[in-house]
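Note: the block below is input.txt and it holds compact mmCIF, C-alpha atoms.
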```txt
# COMPACT_ATOMS: atom_id res chain seq x y z
CA MET A 1 22.37 -15.42 52.63
CA THR A 2 25.69 -14.57 51.03
CA ASP A 3 28.25 -12.25 52.54
CA PRO A 4 27.00 -8.61 52.28
CA GLY A 5 30.49 -7.31 51.48
CA ALA A 6 30.74 -9.69 48.55
CA VAL A 7 27.32 -8.64 47.25
CA PHE A 8 28.27 -4.96 47.57
CA PHE A 9 31.56 -5.19 45.70
CA GLN A 10 30.16 -7.60 43.13
CA ALA A 11 27.44 -5.04 42.32
CA MET A 12 29.82 -2.09 42.45
CA LEU A 13 32.80 -3.35 40.48
CA VAL A 14 32.14 -6.62 38.68
CA ASP A 15 28.58 -5.90 37.54
CA ASN A 16 29.18 -2.19 37.16
CA MET A 17 25.92 -0.71 35.86
CA PRO A 18 27.07 1.60 33.07
CA LEU A 19 30.34 -0.03 32.07
CA THR A 20 29.61 -3.74 31.96
CA LEU A 21 25.81 -3.90 31.81
CA PHE A 22 25.28 -0.74 29.71
CA LEU A 23 22.58 0.53 32.04
CA GLY A 24 21.81 4.19 32.63
CA LEU A 25 24.04 5.19 29.74
CA CYS A 26 21.87 8.09 28.65
CA THR A 27 22.47 10.09 31.82
CA PHE A 28 25.95 8.58 32.18
CA LEU A 29 27.06 10.21 28.92
CA ALA A 30 24.87 13.30 28.96
CA LEU A 31 25.80 14.51 32.46
CA SER A 32 29.48 13.63 32.65
CA ARG A 33 30.95 16.86 31.34
CA LYS A 34 31.89 18.28 34.75
CA PRO A 35 33.00 16.29 37.82
CA ASP A 36 30.85 18.20 40.35
CA ILE A 37 27.67 17.66 38.35
CA ALA A 38 28.64 14.00 37.92
CA LEU A 39 29.13 13.63 41.68
CA GLY A 40 25.66 15.04 42.35
CA LEU A 41 24.16 12.63 39.85
CA GLY A 42 26.08 9.71 41.31
CA LEU A 43 24.86 10.50 44.83
CA ALA A 44 21.27 10.82 43.64
CA VAL A 45 21.45 7.47 41.83
CA THR A 46 22.96 5.72 44.87
CA PHE A 47 20.31 7.18 47.14
CA VAL A 48 17.37 6.25 44.91
CA LEU A 49 18.70 2.76 44.13
CA GLY A 50 19.41 2.04 47.80
CA LEU A 51 15.82 2.96 48.61
CA THR A 52 13.80 1.61 45.71
CA VAL A 53 15.37 -1.83 45.33
CA PRO A 54 14.47 -3.01 48.87
CA LEU A 55 11.05 -1.30 48.62
CA ASN A 56 10.32 -3.10 45.39
CA GLN A 57 11.54 -6.32 46.96
CA VAL A 58 8.86 -5.91 49.65
CA VAL A 59 6.20 -5.08 47.07
CA TYR A 60 7.17 -8.04 44.92
CA ALA A 61 7.38 -10.57 47.76
CA ALA A 62 4.18 -9.41 49.44
CA LEU A 63 1.91 -8.85 46.45
CA LEU A 64 3.19 -9.99 43.09
CA ALA A 65 5.24 -13.18 43.43
CA PRO A 66 3.49 -16.44 42.45
CA GLY A 67 1.35 -17.53 45.42
CA ALA A 68 2.04 -14.33 47.39
CA LEU A 69 -1.67 -13.65 47.78
CA ALA A 70 -2.37 -17.05 49.36
CA TRP A 71 -3.41 -15.32 52.61
CA ALA A 72 -6.24 -13.57 50.73
CA GLY A 73 -7.51 -16.83 49.29
CA PHE A 74 -5.75 -16.79 45.90
CA PRO A 75 -2.99 -19.40 46.23
CA ASP A 76 -2.78 -19.93 42.45
CA LEU A 77 -2.63 -16.27 41.47
CA ASP A 78 0.56 -15.20 39.68
CA LEU A 79 0.76 -11.44 39.27
CA SER A 80 4.47 -11.30 38.50
CA TYR A 81 3.79 -9.98 34.99
CA LEU A 82 2.55 -6.77 36.63
CA LYS A 83 5.94 -6.13 38.21
CA LEU A 84 6.99 -3.64 35.56
CA ILE A 85 4.10 -1.25 36.19
CA ALA A 86 4.33 -1.73 39.96
CA PHE A 87 8.07 -1.01 40.03
CA ILE A 88 7.78 2.07 37.84
CA GLY A 89 4.99 3.34 40.06
CA VAL A 90 7.02 2.78 43.23
CA ILE A 91 10.09 4.44 41.71
CA ALA A 92 8.12 7.47 40.49
CA ALA A 93 6.45 7.87 43.87
CA VAL A 94 9.70 7.50 45.84
CA VAL A 95 11.54 9.96 43.63
CA GLN A 96 8.73 12.50 43.96
CA LEU A 97 8.62 12.00 47.73
CA ILE A 98 12.39 12.38 48.14
CA GLU A 99 12.34 15.53 46.08
CA MET A 100 9.58 17.12 48.18
CA LEU A 101 11.19 16.09 51.49
CA LEU A 102 14.59 17.40 50.45
CA ASP A 103 13.07 20.63 49.21
CA ARG A 104 11.29 21.12 52.55
CA PHE A 105 13.96 20.02 55.04
CA PHE A 106 17.35 20.08 53.30
CA PRO A 107 17.29 22.86 50.70
CA ALA A 108 21.09 22.77 50.37
CA ILE A 109 21.11 19.11 49.34
CA HIS A 110 18.11 19.73 47.10
CA ALA A 111 19.99 22.51 45.36
CA ALA A 112 23.00 20.22 44.88
CA PHE A 113 21.36 17.18 43.33
CA GLY A 114 17.63 17.88 43.30
CA VAL A 115 17.66 18.66 39.59
CA PHE A 116 18.62 15.08 38.77
CA LEU A 117 15.86 13.45 40.77
CA PRO A 118 13.02 13.81 38.22
CA LEU A 119 15.33 12.34 35.56
CA LEU A 120 15.85 9.21 37.61
CA THR A 121 12.24 8.05 37.24
CA VAL A 122 13.01 7.02 33.70
CA GLN A 123 16.60 5.93 34.26
CA CYS A 124 17.25 2.41 33.04
CA ALA A 125 19.71 1.66 35.84
CA ILE A 126 17.13 2.32 38.56
CA LEU A 127 14.49 0.07 37.04
CA ALA A 128 17.06 -2.56 36.12
CA GLY A 129 18.18 -2.73 39.75
CA SER A 130 14.70 -3.84 40.75
CA LEU A 131 14.35 -6.23 37.82
CA PHE A 132 17.69 -7.91 38.56
CA MET A 133 16.60 -8.20 42.17
CA VAL A 134 13.63 -10.33 41.02
CA GLU A 135 15.68 -12.31 38.53
CA ARG A 136 18.30 -13.21 41.14
CA GLN A 137 15.70 -13.84 43.87
CA MET A 138 17.27 -11.65 46.55
CA GLY A 139 16.06 -11.25 50.10
CA LEU A 140 15.33 -7.89 51.72
CA ALA A 141 18.75 -7.25 53.31
CA GLU A 142 20.60 -8.51 50.26
CA SER A 143 18.56 -6.29 47.95
CA ALA A 144 19.36 -3.20 50.06
CA VAL A 145 23.08 -3.96 49.89
CA TYR A 146 22.78 -4.68 46.18
CA GLY A 147 21.00 -1.38 45.53
CA LEU A 148 23.63 0.63 47.41
CA GLY A 149 26.47 -1.25 45.75
CA SER A 150 25.26 -0.76 42.21
CA GLY A 151 24.54 2.90 42.95
CA ALA A 152 28.08 3.34 44.27
CA GLY A 153 29.41 1.67 41.12
CA PHE A 154 27.46 4.10 38.95
CA ALA A 155 28.74 7.06 40.98
CA LEU A 156 32.33 5.84 40.72
CA ALA A 157 32.12 5.35 36.96
CA VAL A 158 30.40 8.64 36.21
CA VAL A 159 32.80 10.71 38.36
CA MET A 160 35.82 9.05 36.76
CA LEU A 161 34.47 9.60 33.24
CA ALA A 162 33.69 13.23 34.04
CA ALA A 163 37.20 13.76 35.38
CA ILE A 164 38.75 12.40 32.19
CA ARG A 165 36.40 14.41 29.97
CA ALA A 166 37.17 17.60 31.89
CA ARG A 167 40.86 17.16 31.07
CA LEU A 168 40.11 16.24 27.47
CA ALA A 169 38.34 19.55 26.94
CA TYR A 170 41.70 21.05 25.98
CA ALA A 171 42.77 18.21 23.68
CA ASP A 172 42.70 18.78 19.94
CA LEU A 173 40.36 16.04 18.76
CA PRO A 174 39.13 15.38 15.22
CA ALA A 175 35.87 17.28 14.76
CA GLY A 176 33.75 14.15 14.32
CA LEU A 177 35.03 12.56 17.49
CA ARG A 178 34.39 15.56 19.73
CA GLY A 179 31.84 15.18 22.51
CA LEU A 180 29.83 11.98 22.14
CA GLY A 181 32.31 10.02 20.04
CA ILE A 182 35.24 10.36 22.40
CA ALA A 183 32.97 9.72 25.39
CA PHE A 184 32.12 6.32 23.92
CA VAL A 185 35.77 5.48 23.34
CA LEU A 186 36.65 6.56 26.90
CA ALA A 187 33.82 4.50 28.31
CA GLY A 188 35.09 1.56 26.30
CA MET A 189 38.55 1.89 27.81
CA MET A 190 37.14 2.20 31.32
CA SER A 191 35.04 -0.84 30.57
CA LEU A 192 38.21 -2.72 29.62
CA GLY A 193 39.66 -1.74 32.99
CA PHE A 194 36.58 -2.88 34.85
CA ALA A 195 36.68 -6.18 32.97
CA SER A 196 39.72 -7.02 35.06
CA PHE A 197 37.51 -7.06 38.15
CA ALA A 198 35.48 -9.83 36.52
CA GLN A 199 38.70 -11.79 36.11
CA MET A 200 39.60 -11.24 39.76
CA ALA A 201 36.14 -12.37 40.86
CA ALA A 202 36.36 -15.48 38.71
CA GLN A 203 39.57 -16.64 40.41
CA MET B 1 1.71 16.38 2.69
CA ALA B 2 3.04 13.05 1.48
CA ALA B 3 6.46 14.60 0.97
CA ARG B 4 6.44 15.90 4.53
CA LEU B 5 5.48 12.49 5.89
CA TRP B 6 8.24 10.90 3.85
CA GLN B 7 10.71 13.36 5.34
CA VAL B 8 9.39 12.65 8.85
CA LEU B 9 10.00 8.96 8.18
CA THR B 10 13.46 9.16 6.65
CA ASP B 11 15.00 11.98 8.66
CA PRO B 12 15.74 9.87 11.76
CA LEU B 13 17.49 7.14 9.75
CA VAL B 14 20.87 8.87 9.49
CA ARG B 15 20.51 12.65 9.53
CA GLN B 16 18.65 12.84 12.84
CA ASN B 17 19.48 9.37 14.11
CA PRO B 18 18.18 9.06 17.67
CA VAL B 19 21.11 6.97 18.88
CA THR B 20 24.15 8.58 17.33
CA LEU B 21 23.00 12.21 17.35
CA GLN B 22 20.61 12.61 20.26
CA ILE B 23 22.10 10.01 22.65
CA LEU B 24 18.67 8.48 23.17
CA GLY B 25 18.05 4.82 23.85
CA ILE B 26 21.63 3.63 23.92
CA CYS B 27 21.14 1.89 27.26
CA SER B 28 19.68 -1.10 25.54
CA ALA B 29 21.36 -0.55 22.19
CA LEU B 30 24.67 -1.92 23.44
CA ALA B 31 23.72 -4.70 25.81
CA VAL B 32 21.78 -6.80 23.32
CA THR B 33 24.15 -6.58 20.37
CA THR B 34 26.46 -9.52 21.01
CA ALA B 35 24.54 -11.47 18.37
CA LEU B 36 22.45 -10.45 15.39
CA ASP B 37 19.31 -12.37 16.37
CA THR B 38 18.95 -10.72 19.79
CA ALA B 39 19.68 -7.34 18.23
CA LEU B 40 16.95 -7.92 15.63
CA THR B 41 14.45 -9.07 18.24
CA MET B 42 15.18 -6.02 20.35
CA ALA B 43 14.95 -3.70 17.34
CA VAL B 44 11.58 -5.11 16.28
CA SER B 45 10.22 -5.01 19.85
CA LEU B 46 11.27 -1.40 20.34
CA THR B 47 9.89 -0.30 16.98
CA VAL B 48 6.53 -1.92 17.70
CA VAL B 49 6.37 -0.36 21.17
CA VAL B 50 7.35 3.13 20.04
CA VAL B 51 4.90 3.14 17.11
CA LEU B 52 1.95 1.91 19.19
CA ALA B 53 2.82 4.18 22.11
CA ALA B 54 3.04 7.21 19.84
CA GLY B 55 -0.32 6.31 18.28
CA ILE B 56 -2.05 5.87 21.64
CA VAL B 57 -0.56 8.94 23.28
CA SER B 58 -1.35 11.01 20.23
CA ALA B 59 -4.94 9.73 20.09
CA ILE B 60 -5.60 10.73 23.70
CA ARG B 61 -3.40 13.84 23.68
CA ARG B 62 -6.31 16.24 24.20
CA PHE B 63 -7.41 14.40 27.36
CA ILE B 64 -4.09 14.18 29.18
CA PRO B 65 -3.67 16.92 31.80
CA SER B 66 -0.18 18.30 31.27
CA THR B 67 0.74 17.97 34.98
CA ILE B 68 0.53 14.18 34.94
CA ARG B 69 1.44 13.57 31.31
CA LEU B 70 4.70 11.78 32.12
CA ILE B 71 2.95 9.26 34.36
CA VAL B 72 0.28 8.65 31.71
CA GLN B 73 2.92 8.12 29.02
CA ILE B 74 4.92 5.76 31.20
CA ILE B 75 1.84 3.69 31.99
CA VAL B 76 0.95 3.43 28.29
CA VAL B 77 4.49 2.39 27.40
CA ALA B 78 4.78 -0.05 30.31
CA SER B 79 1.53 -1.79 29.36
CA LEU B 80 2.73 -2.22 25.78
CA VAL B 81 6.08 -3.55 26.97
CA ILE B 82 4.37 -6.13 29.18
CA VAL B 83 2.41 -7.35 26.15
CA ILE B 84 5.57 -7.59 24.02
CA ASP B 85 7.42 -9.35 26.83
CA GLN B 86 4.66 -11.94 27.23
CA VAL B 87 4.52 -12.53 23.46
CA LEU B 88 8.30 -13.06 23.33
CA GLN B 89 8.17 -15.46 26.28
CA ALA B 90 5.37 -17.41 24.60
CA TYR B 91 6.82 -17.74 21.10
CA PHE B 92 10.56 -17.02 21.36
CA PHE B 93 11.37 -18.32 24.81
CA GLU B 94 15.06 -18.99 24.18
CA ILE B 95 15.73 -15.50 22.83
CA SER B 96 13.69 -13.85 25.58
CA LYS B 97 15.84 -15.64 28.17
CA ARG B 98 18.98 -14.25 26.55
CA LEU B 99 17.51 -10.75 26.39
CA SER B 100 16.98 -11.02 30.16
CA VAL B 101 15.61 -7.79 31.59
CA PHE B 102 16.37 -5.69 28.56
CA VAL B 103 12.95 -6.10 26.94
CA SER B 104 11.37 -4.79 30.16
CA LEU B 105 13.81 -1.91 30.07
CA ILE B 106 12.21 -0.60 26.88
CA THR B 107 9.85 1.04 29.38
CA THR B 108 12.53 3.44 30.48
CA ASN B 109 14.12 3.78 27.08
CA CYS B 110 14.57 7.49 26.61
CA LEU B 111 13.87 7.06 22.89
CA VAL B 112 10.26 5.98 23.47
CA LEU B 113 9.46 8.68 26.02
CA GLY B 114 11.36 11.21 23.94
CA ARG B 115 9.13 10.58 20.92
CA THR B 116 5.85 10.56 22.87
CA GLU B 117 6.84 13.63 24.86
CA SER B 118 8.26 15.77 22.08
CA PHE B 119 6.27 14.70 19.02
CA ALA B 120 3.18 12.56 19.67
CA ARG B 121 1.88 14.91 22.35
CA ASN B 122 1.49 17.73 19.83
CA ASN B 123 0.62 15.94 16.58
CA PRO B 124 -2.24 13.85 15.18
CA PRO B 125 -1.88 10.03 15.26
CA LEU B 126 -0.75 9.40 11.67
CA PRO B 127 2.30 11.71 11.58
CA SER B 128 3.15 10.64 15.13
CA MET B 129 3.20 6.98 14.22
CA ILE B 130 5.26 7.66 11.10
CA ASP B 131 7.72 9.72 13.12
CA ALA B 132 7.92 6.92 15.68
CA LEU B 133 8.43 4.36 12.91
CA GLY B 134 11.27 6.43 11.48
CA ASN B 135 12.95 6.67 14.86
CA GLY B 136 12.41 2.98 15.54
CA LEU B 137 14.03 2.18 12.20
CA GLY B 138 16.92 4.52 12.91
CA TYR B 139 17.50 2.73 16.21
CA SER B 140 17.17 -0.65 14.48
CA LEU B 141 19.74 0.36 11.88
CA VAL B 142 22.36 1.10 14.55
CA LEU B 143 21.53 -2.09 16.43
CA ILE B 144 21.78 -4.23 13.31
CA VAL B 145 25.09 -2.71 12.21
CA ILE B 146 26.67 -3.21 15.63
CA GLY B 147 25.07 -6.62 16.21
CA ALA B 148 26.21 -7.91 12.82
CA THR B 149 29.77 -6.63 13.31
CA ARG B 150 30.09 -8.11 16.77
CA GLU B 151 28.68 -11.50 15.83
CA LEU B 152 30.63 -11.73 12.58
CA PHE B 153 34.02 -10.91 14.11
CA GLY B 154 33.36 -12.32 17.57
CA ALA B 155 32.04 -15.71 16.56
CA GLY B 156 32.43 -15.82 12.77
CA SER B 157 28.71 -16.30 12.23
CA LEU B 158 25.58 -14.33 11.35
CA MET B 159 22.19 -15.26 12.81
CA GLY B 160 23.88 -18.42 14.14
CA VAL B 161 24.98 -19.50 10.63
CA GLN B 162 28.75 -19.92 10.32
CA ILE B 163 30.12 -17.46 7.73
CA LEU B 164 33.82 -17.46 8.54
CA PRO B 165 35.06 -20.97 9.39
CA THR B 166 36.79 -20.71 12.75
CA VAL B 167 40.08 -22.37 13.65
CA ASP B 168 38.62 -24.91 16.06
CA GLN B 169 36.30 -26.11 13.28
CA GLY B 170 39.24 -26.57 10.90
CA GLY B 171 38.91 -23.16 9.22
CA TRP B 172 41.22 -20.15 9.20
CA PHE B 173 39.37 -17.52 11.25
CA THR B 174 40.44 -16.88 14.84
CA PRO B 175 37.45 -15.32 16.65
CA LEU B 176 38.11 -12.00 18.34
CA GLY B 177 36.93 -12.68 21.87
CA LEU B 178 36.94 -8.99 22.70
CA MET B 179 34.09 -8.41 20.24
CA LEU B 180 31.76 -10.36 22.49
CA LEU B 181 32.73 -8.41 25.60
CA ALA B 182 31.36 -5.09 26.81
CA PRO B 183 34.18 -2.72 25.72
CA SER B 184 33.93 -3.49 22.01
CA ALA B 185 30.35 -2.22 21.92
CA PHE B 186 31.53 1.14 23.19
CA PHE B 187 34.38 1.26 20.68
CA LEU B 188 32.14 0.28 17.77
CA LEU B 189 29.47 2.83 18.63
CA GLY B 190 32.14 5.49 19.15
CA GLY B 191 33.57 4.63 15.73
CA LEU B 192 30.12 4.72 14.16
CA VAL B 193 29.45 8.15 15.63
CA TRP B 194 32.82 9.32 14.35
CA ALA B 195 32.12 7.96 10.85
CA ILE B 196 28.67 9.56 10.63
CA ARG B 197 29.90 12.88 11.92
CA SER B 198 32.84 12.92 9.56
CA ALA B 199 30.53 12.27 6.64
CA ARG B 200 28.13 14.93 7.88
CA PRO B 201 30.25 17.64 9.51
CA GLU B 202 27.19 19.70 10.52
CA GLN B 203 26.54 17.13 13.28
CA ALA B 204 29.92 17.57 14.94
CA GLU B 205 29.87 19.25 18.33
CA ALA B 206 31.55 22.61 18.74
CA ALA B 207 34.83 22.64 20.62
CA GLU B 208 34.29 23.59 24.26
CA HIS B 209 37.46 25.61 24.51
CA ALA B 210 38.89 27.22 21.41
CA ALA B 211 42.64 27.61 21.34
CA PRO B 212 43.63 31.24 22.01
CA ALA B 213 44.28 32.99 18.74
CA VAL B 214 47.26 34.98 20.04
CA ALA B 215 49.36 31.89 20.69
CA GLU B 216 50.45 31.65 17.07
CA ALA B 217 51.38 35.29 16.76
CA GLY B 218 53.46 35.41 19.93
CA ARG B 219 55.71 32.55 18.88
```
Kindly present the structure from the file in structure tokens form.
Amino acid sequence: MTDPGAVFFQAMLVDNMPLTLFLGLCTFLALSRKPDIALGLGLAVTFVLGLTVPLNQVVYAALLAPGALAWAGFPDLDLSYLKLIAFIGVIAAVVQLIEMLLDRFFPAIHAAFGVFLPLLTVQCAILAGSLFMVERQMGLAESAVYGLGSGAGFALAVVMLAAIRARLAYADLPAGLRGLGIAFVLAGMMSLGFASFAQMAAQ
Amino acid sequence: MAARLWQVLTDPLVRQNPVTLQILGICSALAVTTALDTALTMAVSLTVVVVLAAGIVSAIRRFIPSTIRLIVQIIVVASLVIVIDQVLQAYFFEISKRLSVFVSLITTNCLVLGRTESFARNNPPLPSMIDALGNGLGYSLVLIVIGATRELFGAGSLMGVQILPTVDQGGWFTPLGLMLLAPSAFFLLGGLVWAIRSARPEQAEAAEHAAPAVAEAGR
């Protein structure tokens, strides 16, 4: 297995979910108007990714991968095409469970980022984390580190974008560029900055 | 009736475009647009999925309990996406490799769920499918514009056919490498949003903080 630190920073900076892979952009742009809201969203994404990616790794390796059901007498069975439905189911269940547990035991945390949890079921970044895990054939430990790393990358990007947008609220922009338009341009510039990490990793 | 259906179909093309106005479905809109052929494949796949999903959800809308409607819709969409994914892998293997996980990610595309949740759930199958087709075409339009721009200026070709002869082939065109990288997609979409909103000022967002009116007078 590769070095966990390298996997973490690769996922966080080089393969940054929203800025270089364009994943989770809907929430990335819609909820980045205020830094505190963005921080709550970032924490929720990190938490859910760190939990669902390793869980899905277990589900995939134990049930769906080609030949995984050999112990039950189906050595030739390949259920990997079912991974999409299985992953979505796991993610929906985990999100629901986290929300109920937080509501019951940690109402303060639930109040802070509980509102974002239902959104995350249909967040592209969450599902993509699990799909990349299959595509890159990660082990259990590696997938946990990968999930946390990509979640941290999302949190970093969304908080930074929110901070810039909060300052831009007072700028006198052309009417057509206000809101969504300028958010795209900002994200593009941040993406340029993050591209330098790819260069550093390549050397 | 026919006029209403026509309006349902054409509204999402520019006036109510799902990508540029409602920020729906951009997750995949940017990642697959480095070349025109992947953008087209993605656009067709998404349109097929959203039309079929809207039809199915609308056909069974009276039987879905509202408490679990999201789960039902996701399952319907996910099943359709699996079918599309398998078809692409069978007949267009090379393109499906380049699209990587993004075909699977149609499942969580907010555009698809947005249409089934807000329109198909409350309307009969025919208008729902037409509405979905309109939104799929609106999404396709954005994808094709961005995909064509990026491939034309990034590699000098369209659909893999060389349009502008590049320098290393003895031509005059120096490819803009940035066009093939992530940031250019953001810039292009930002520019597109700007252009559409300048042409149609009613779409522009209101300023969050208006300048205080007294500032001028006090000077």
### Message
Would you pick out the contacts of Leu126 (chain B) at 10 Å or less, using only C-alpha atoms, so that residues sharing its chain but fewer than 4 positions from it are not included, and give the list as a ChimeraX atom specification?
### Response
/B:5,54-55,58-59,120,130-132
### Task
Fewer than 2 positions away in the same chain doesn't count, so skip those; otherwise give me all residues within 8 Å of Arg121 (chain B), counting all atoms listed in the file, as a ChimeraX atom specification.
/B:57-58,61,116-119,123
Go ahead and save the residues from that selection, with C-alpha atoms, as a CSV table (one decimal), in the coordinates of the input.
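Contents of again_11.csv, as written:
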```
chain,number,residue,atom,x,y,z
B,57,VAL,CA,-0.6,8.9,23.3
B,58,SER,CA,-1.4,11.0,20.2
B,61,ARG,CA,-3.4,13.8,23.7
B,116,THR,CA,5.8,10.6,22.9
B,117,GLU,CA,6.8,13.6,24.9
B,118,SER,CA,8.3,15.8,22.1
B,119,PHE,CA,6.3,14.7,19.0
B,123,ASN,CA,0.6,15.9,16.6
```
Show me, as a tab-separated table, the residues of region 5-96 of chain B having an atom within 8 Å of region 26-40 of chain A, each with the closest atom pair and its distance in Å, using all atoms listed in the file.
```
residue	atom	partner	partner_atom	distance
B:Ile23	CA	A:Cys26	CA	6.3
B:Leu24	CA	A:Cys26	CA	6.4
B:Gly25	CA	A:Cys26	CA	7.0
B:Ile26	CA	A:Cys26	CA	6.5
B:Cys27	CA	A:Cys26	CA	6.4
```
Expected file contents, prior selection, C-alpha atoms, as a PDB file, in the coordinates of the input:
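Result written to again28.pdb:
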```pdb
ATOM      1  CA  ILE B  23      22.100  10.010  22.650  1.00  0.00           C
ATOM      2  CA  LEU B  24      18.670   8.480  23.170  1.00  0.00           C
ATOM      3  CA  GLY B  25      18.050   4.820  23.850  1.00  0.00           C
ATOM      4  CA  ILE B  26      21.630   3.630  23.920  1.00  0.00           C
ATOM      5  CA  CYS B  27      21.140   1.890  27.260  1.00  0.00           C
TER       6      CYS B  27
END
```
### Interface list for chain A, partner chain B, 9 Å threshold, only C-alpha atoms, as a VMD selection string
chain A and resid 18 to 26 29 to 30 81 to 82 84 to 85 88 to 89 92 121 to 125 127 to 128 131 to 132 135 169 to 170 172 to 192 195
### Query
If we count only C-alpha atoms, what is near Asn135 (chain B) at a cut-off of 8 Å, once residues fewer than 6 positions away on the same chain are taken out, given as a VMD selection string?
chain B and resid 9 12 to 13 17 to 18 47
#### Entry: Of the listed residues B:Ala2, B:Ile95, B:Val112, B:Leu36, that which approaches Gly156 (chain B) most closely, counting only C-alpha atoms
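Comparing B:Ala2, B:Ile95, B:Val112, B:Leu36 against Gly156 (chain B), the winner is B:Leu36.
With only C-alpha atoms as the atoms that count, the residue of A:Ser150, A:Ser80, A:Thr46, A:Gln137 with the shortest distance to Leu13 (chain A) is A:Ser150.
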### Query
Please, what distance in Å, to one decimal, runs between CA of Ile146 (chain B) and CA of Gly134 (chain B)?
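According to the coordinates, CA of Ile146 (chain B) and CA of Gly134 (chain B) are separated by 18.6 Å.
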### Query
Can you tell me, as a VMD selection string, what residues are no more than 10 Å from Leu101 (chain A) when counting all atoms listed in the file, ignoring any on the same chain fewer than 6 positions away?
chain A and resid 95 107 110
### Task
Rank A:Phe105, A:Tyr60, A:Leu51, A:Leu79 by their smallest atom-to-atom distance to Ile91 (chain A), using all atoms listed in the file, and report the top residue only.
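Using all atoms listed in the file, the shortest distance to Ile91 (chain A) belongs to A:Leu51.
Taking CA of Arg165 (chain A) and CA of Leu43 (chain A) as endpoints, the distance between them is 19.2 Å.
Across the model, the gap from CA of Gly139 (chain A) to CA of Val58 (chain A) is 9.0 Å.
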Take the point (-0.3, -8.3, 45.0) in the file's coordinates, draw a sphere of radius 12 Å around it, and report as a short mmCIF file (atom, residue, chain, number, x, y, z; two decimals) with C-alpha atoms, in the frame of the given file every protein, DNA or RNA residue with an atom inside or on it, counting only C-alpha atoms.
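Output below, filename selection.cif:
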```cif
data_model
loop_
_atom_site.label_atom_id
_atom_site.label_comp_id
_atom_site.auth_asym_id
_atom_site.auth_seq_id
_atom_site.Cartn_x
_atom_site.Cartn_y
_atom_site.Cartn_z
CA ASN A 56 10.32 -3.10 45.39
CA VAL A 58 8.86 -5.91 49.65
CA VAL A 59 6.20 -5.08 47.07
CA TYR A 60 7.17 -8.04 44.92
CA ALA A 61 7.38 -10.57 47.76
CA ALA A 62 4.18 -9.41 49.44
CA LEU A 63 1.91 -8.85 46.45
CA LEU A 64 3.19 -9.99 43.09
CA ALA A 65 5.24 -13.18 43.43
CA PRO A 66 3.49 -16.44 42.45
CA GLY A 67 1.35 -17.53 45.42
CA ALA A 68 2.04 -14.33 47.39
CA LEU A 69 -1.67 -13.65 47.78
CA ALA A 70 -2.37 -17.05 49.36
CA TRP A 71 -3.41 -15.32 52.61
CA ALA A 72 -6.24 -13.57 50.73
CA GLY A 73 -7.51 -16.83 49.29
CA PHE A 74 -5.75 -16.79 45.90
CA PRO A 75 -2.99 -19.40 46.23
CA LEU A 77 -2.63 -16.27 41.47
CA ASP A 78 0.56 -15.20 39.68
CA LEU A 79 0.76 -11.44 39.27
CA SER A 80 4.47 -11.30 38.50
CA TYR A 81 3.79 -9.98 34.99
CA LEU A 82 2.55 -6.77 36.63
CA LYS A 83 5.94 -6.13 38.21
CA ALA A 86 4.33 -1.73 39.96
#
```
### Query
Neighbours of region 145-147 of chain A within 9 Å (all atoms listed in the file; same-chain residues fewer than 6 positions away dropped), as a list in words?
Pro4, Gly5, Val7, Phe8, Phe9, Gln10, Ala11, Met12, Thr46, Phe47, Val48, Leu49, Gly50, Leu51, Thr52, Val53, Pro54, Ile126, Gly129, Ser130, Met133 and Met138 of chain A
